[in-house]
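K.L.:
Sharing run_33.cif, mmCIF, C-alpha atoms and all ligand atoms:
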data_input
#
loop_
_atom_site.label_atom_id
_atom_site.label_comp_id
_atom_site.auth_asym_id
_atom_site.auth_seq_id
_atom_site.Cartn_x
_atom_site.Cartn_y
_atom_site.Cartn_z
CA MET A 1325 0.00 0.00 0.00
CA ASN A 1326 1.28 3.45 -0.95
CA LEU A 1327 1.77 6.18 1.59
CA ALA A 1328 -0.79 8.95 1.69
CA ARG A 1329 0.24 12.12 -0.10
CA ARG A 1330 -1.00 15.66 -0.45
CA CYS A 1331 -3.12 16.61 -3.48
CA LEU A 1332 -1.42 19.37 -5.51
CA ALA A 1333 -4.77 21.08 -6.06
CA CYS A 1334 -6.68 20.94 -2.75
CA GLY A 1335 -3.85 20.05 -0.37
CA ILE A 1336 -5.81 17.25 1.27
CA LEU A 1337 -4.10 13.93 2.03
CA PHE A 1338 -5.22 11.12 -0.26
CA GLN A 1339 -4.28 7.53 -0.99
CA PRO A 1340 -2.81 7.12 -4.51
CA ARG A 1341 -4.49 4.41 -6.55
CA PRO A 1342 -2.40 1.25 -6.87
CA GLN A 1343 -2.68 1.50 -10.69
CA ILE A 1344 -1.27 5.07 -10.61
CA PRO A 1345 1.70 5.07 -8.23
CA SER A 1346 2.76 8.58 -9.29
CA GLN A 1347 -0.72 10.09 -8.77
CA GLN A 1348 -0.40 13.69 -7.57
CA TYR A 1349 -4.03 14.80 -7.49
CA CYS A 1350 -6.85 13.26 -5.48
CA CYS A 1351 -9.87 11.80 -7.26
CA ASN A 1352 -12.12 14.77 -6.46
CA PRO A 1353 -13.59 15.89 -9.83
CA THR A 1354 -12.60 19.51 -9.12
CA CYS A 1355 -8.99 18.45 -8.57
CA GLN A 1356 -9.02 16.27 -11.69
CA ARG A 1357 -10.29 19.23 -13.71
CA GLU A 1358 -7.50 21.33 -12.21
CA ARG A 1359 -4.95 18.64 -13.14
CA ARG A 1360 -6.16 18.63 -16.76
CA ARG A 1361 -6.24 22.45 -16.83
CA ARG A 1362 -2.63 22.63 -15.62
CA TRP A 1363 -1.57 19.91 -18.05
CA GLN A 1364 -3.16 21.80 -20.96
CA ARG A 1365 -1.72 25.15 -19.94
CA GLU A 1366 1.71 23.56 -19.64
CA HIS A 1367 1.45 21.99 -23.11
CA VAL A 1368 0.08 25.12 -24.77
CA ARG A 1369 3.05 26.96 -23.28
CA ASN A 1370 5.80 24.47 -24.06
CA ASP A 1371 4.71 22.14 -26.87
CA PRO A 1372 4.55 23.82 -30.31
CA ASP A 1373 2.92 20.72 -31.87
CA TYR A 1374 0.19 20.67 -29.24
CA ARG A 1375 -0.35 24.42 -29.62
CA GLU A 1376 -0.63 24.12 -33.39
CA ASN A 1377 -2.99 21.16 -33.11
CA GLN A 1378 -5.18 23.08 -30.64
CA ALA A 1379 -5.25 26.12 -32.93
CA ARG A 1380 -6.22 23.92 -35.90
CA ALA A 1381 -8.97 22.18 -33.93
CA GLN A 1382 -10.36 25.51 -32.71
CA ALA A 1383 -10.27 26.98 -36.23
CA GLY A 1384 -12.15 23.91 -37.48
CA TRP A 1385 -14.75 24.28 -34.76
CA ARG A 1386 -15.21 27.97 -35.59
CA ALA A 1387 -15.64 27.09 -39.28
CA ARG A 1388 -18.33 24.52 -38.37
CA ASN A 1389 -20.05 26.96 -35.95
CA PRO A 1390 -19.75 30.37 -37.59
CA ASP A 1391 -22.71 31.89 -35.71
CA TYR A 1392 -21.87 30.58 -32.27
CA TRP A 1393 -20.30 33.74 -30.81
CA ARG A 1394 -22.76 36.10 -32.49
CA ARG A 1395 -25.64 34.15 -30.94
CA TYR A 1396 -23.84 33.83 -27.62
CA ARG A 1397 -23.30 37.59 -27.44
CA ALA A 1398 -26.94 38.23 -28.35
CA ALA A 1399 -28.06 35.95 -25.52
CA HIS A 1400 -25.56 37.26 -22.92
CA PRO A 1401 -25.57 41.08 -22.82
CA ALA A 1402 -23.71 41.16 -19.50
CA TYR A 1403 -20.87 39.20 -21.10
CA VAL A 1404 -20.76 41.71 -23.95
CA GLU A 1405 -20.64 44.65 -21.56
CA ARG A 1406 -17.92 43.05 -19.44
CA ASN A 1407 -15.82 42.45 -22.57
CA ARG A 1408 -16.33 46.01 -23.76
CA SER A 1409 -15.32 47.35 -20.39
CA ALA A 1410 -12.24 45.12 -20.31
CA GLN A 1411 -11.30 46.17 -23.85
CA ARG A 1412 -11.59 49.84 -22.91
CA ALA A 1413 -9.30 49.13 -19.98
CA ARG A 1414 -6.80 47.37 -22.26
CA ASN A 1415 -6.93 50.30 -24.68
CA VAL A 1416 -6.13 52.68 -21.82
CA TYR A 1417 -3.28 50.42 -20.79
CA ARG A 1418 -1.93 50.26 -24.36
CA ARG A 1419 -1.96 54.05 -24.64
CA ALA A 1420 -0.32 54.51 -21.25
CA ALA A 1421 3.22 55.84 -21.40
CA PRO A 1422 5.94 54.07 -19.37
CA VAL A 1423 6.13 57.13 -17.11
CA ALA A 1424 2.97 58.96 -16.06
CA LYS A 1425 2.77 62.47 -17.43
CA MET A 1426 1.17 65.42 -15.72
CA ASP A 1427 -1.61 66.87 -17.77
CA ALA A 1428 -1.03 70.61 -17.35
CA SER A 1429 -4.37 71.58 -18.91
CA ASN A 1430 -6.18 69.57 -16.27
CA ALA A 1431 -4.18 70.81 -13.27
CA SER A 1432 -7.25 72.02 -11.35
CA ASN A 1433 -8.61 68.47 -11.38
CA PRO A 1434 -5.61 66.17 -11.56
CA ILE A 1435 -7.62 62.95 -11.34
CA VAL A 1436 -10.52 62.11 -13.60
CA THR A 1437 -12.63 58.98 -13.46
CA GLY A 1438 -11.23 56.24 -15.63
CA PHE A 1439 -8.88 53.27 -15.91
CA TYR A 1440 -5.32 53.70 -14.71
CA VAL A 1441 -2.20 51.60 -14.85
CA LEU A 1442 -0.79 51.18 -11.38
CA ARG A 1443 2.89 50.34 -11.27
CA ARG A 1444 5.62 50.60 -8.64
CA ALA A 1445 7.57 53.80 -9.18
CA LEU A 1446 10.83 51.87 -8.95
CA SER A 1447 10.08 49.65 -11.94
CA THR A 1448 11.51 50.88 -15.23
CA GLY A 1449 10.20 50.71 -18.76
CA VAL A 1450 7.07 48.86 -19.78
CA ALA A 1451 6.72 45.84 -17.55
CA LYS A 1452 3.39 44.28 -18.33
CA MET A 1453 3.63 41.70 -15.56
CA ASN A 1454 4.42 44.27 -12.88
CA ALA A 1455 1.46 46.54 -13.51
CA CYS A 1456 -2.10 46.49 -12.23
CA LEU A 1457 -5.03 47.93 -14.04
CA VAL A 1458 -7.27 49.87 -11.68
CA HIS A 1459 -10.45 51.85 -12.12
CA ILE A 1460 -10.65 55.10 -10.19
CA ALA A 1461 -14.01 56.80 -9.83
CA VAL A 1462 -13.74 60.40 -8.63
CA LEU A 1463 -16.51 60.96 -6.09
CA SER A 1464 -15.59 64.50 -5.19
CA CYS A 1465 -12.96 67.04 -6.21
CA PRO A 1466 -10.94 69.06 -3.73
CA ASP A 1467 -12.08 72.62 -3.25
CA GLU A 1468 -9.40 74.66 -5.03
CA GLU A 1469 -9.46 77.44 -2.45
CA ARG A 1470 -9.10 75.13 0.49
CA TYR A 1471 -6.61 72.86 -1.28
CA PRO A 1472 -4.59 75.12 -3.59
CA ILE A 1473 -2.68 73.13 -6.19
CA ALA A 1474 1.00 74.01 -6.24
CA LYS A 1475 2.16 75.63 -9.45
CA ARG A 1476 4.96 73.81 -11.16
ZN ZN S 1 -7.59 17.33 -4.38
#
As structure tokens, how would this structure be written, given the file I've shared?
Ligand SMILES: [Zn+2]

P.N.:
Amino acid sequence: MNLARRCLACGILFQPRPQIPSQQYCCNPTCQRERRRRWQREHVRNDPDYRENQARAQAGWRARNPDYWRRYRAAHPAYVERNRSAQRARNVYRRAAPVAKMDASNASNPIVTGFYVLRRALSTGVAKMNACLVHIAVLSCPDEERYPIAKR
């Protein structure tokens, strides 16, 4: 009998099946889905043949189901709106310069509602992985007389 080991997905101790001595995930369906998801992600990342085969299979499916996404979008307006919002955010990110610039014409209201790229000031250049996309909604603006903005 094999020793119990910890599932790589849920962390719970499980008994590997005798037929699968190297089993690393328990038999919980959620963990098995996670195992397959990780396997696929790993192969898409590292196996050009697998990636090409996946792309071909997906292109074939799209050719056989040309209306699928149009119908899906028509039936799921919230999905459409979420995608639009995310695309607007990506567009903002794409336009963002590596270093934030002060907008002199907007000095009386330095922050406007919108999507912003949040990045540590110490990082240099465009570092996609080190940036967060945030949405800032301005709820009130500082009173200019009480909070005079320093002239630069
Ligand atoms: Zn598990």

K.L.:
Set the cut-off to 10 Å, count all atoms listed in the file, and list whatever residues fall near ligand ZN 1 (chain S) as number ranges by chain.

P.N.:
A: 1330-1338, 1348-1359

K.L.:
Please provide as number ranges by chain all residues within 8 Å of Val1436 of chain A, with the sequence filter that same-chain residues fewer than 4 positions apart are discarded (counting all atoms listed in the file).

P.N.:
A: 1460-1462

K.L.:
Name all residues at most 8 Å from Tyr1440 of chain A (count all atoms listed in the file; drop same-chain ones fewer than 3 positions away) and give them as an MDAnalysis selection string.

P.N.:
chainID A and resid 1416:1417 1457:1460

K.L.:
How far is it from atom CA of Val1441 of chain A to atom CA of Asn1415 of chain A, in Å with one decimal?

P.N.:
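Taking atom CA of Val1441 of chain A as the start and atom CA of Asn1415 of chain A as the end point, the length is 11.0 Å.
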
K.L.:
Give me the residues within 12 Å of Leu1327 of chain A as an NGL selection string, counting all atoms listed in the file and dropping any in the same chain fewer than 5 places off.

P.N.:
:A and (1337-1342 or 1345-1347)

K.L.:
Write the selection just made, keeping C-alpha atoms, as a tab-separated table (two decimals), in the coordinates of the input?

P.N.:
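After the write, result32.tsv holds the following:
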chain	number	residue	atom	x	y	z
A	1337	LEU	CA	-4.10	13.93	2.03
A	1338	PHE	CA	-5.22	11.12	-0.26
A	1339	GLN	CA	-4.28	7.53	-0.99
A	1340	PRO	CA	-2.81	7.12	-4.51
A	1341	ARG	CA	-4.49	4.41	-6.55
A	1342	PRO	CA	-2.40	1.25	-6.87
A	1345	PRO	CA	1.70	5.07	-8.23
A	1346	SER	CA	2.76	8.58	-9.29
A	1347	GLN	CA	-0.72	10.09	-8.77

K.L.:
What is the atom CA of Asn1389 of chain A-atom CA of Asn1370 of chain A distance in Å, reported with one decimal?

P.N.:
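Computing it gives 28.6 Å between the two atoms.
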
K.L.:
Hey, what's within 12 Å of Arg1375 of chain A if we count only C-alpha atoms and toss same-chain stuff fewer than 6 positions away? As a PyMOL selection string, please?

P.N.:
chain A and resi 1364-1369+1381-1382

K.L.:
Could you write out that same residue set with C-alpha atoms as a compact mmCIF listing (two decimals), in the frame of the given file?

P.N.:
# COMPACT_ATOMS: atom_id res chain seq x y z
CA GLN A 1364 -3.16 21.80 -20.96
CA ARG A 1365 -1.72 25.15 -19.94
CA GLU A 1366 1.71 23.56 -19.64
CA HIS A 1367 1.45 21.99 -23.11
CA VAL A 1368 0.08 25.12 -24.77
CA ARG A 1369 3.05 26.96 -23.28
CA ALA A 1381 -8.97 22.18 -33.93
CA GLN A 1382 -10.36 25.51 -32.71

K.L.:
Atom CA of Ala1398 of chain A and atom CA of Arg1386 of chain A, how far apart in Å?

P.N.:
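Here the two named atoms are 17.2 Å from each other.
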
K.L.:
Return the single residue from A:Ile1344, A:Ile1435, A:Leu1442, A:Ala1387 that is closest to Ala1420 of chain A, with distances computed using only C-alpha atoms.

P.N.:
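Selected residue with least distance to Ala1420 of chain A: A:Leu1442.
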
K.L.:
If the box runs along x, y and z of the file and leaves 6 Å on each side of segment 1377-1385 of chain A, what are its centre and edge lengths in Å, one decimal, as lines of an AutoDock Vina configuration file?

P.N.:
center_x = -8.9
center_y = 24.1
center_z = -34.1
size_x = 23.8
size_y = 17.8
size_z = 18.8
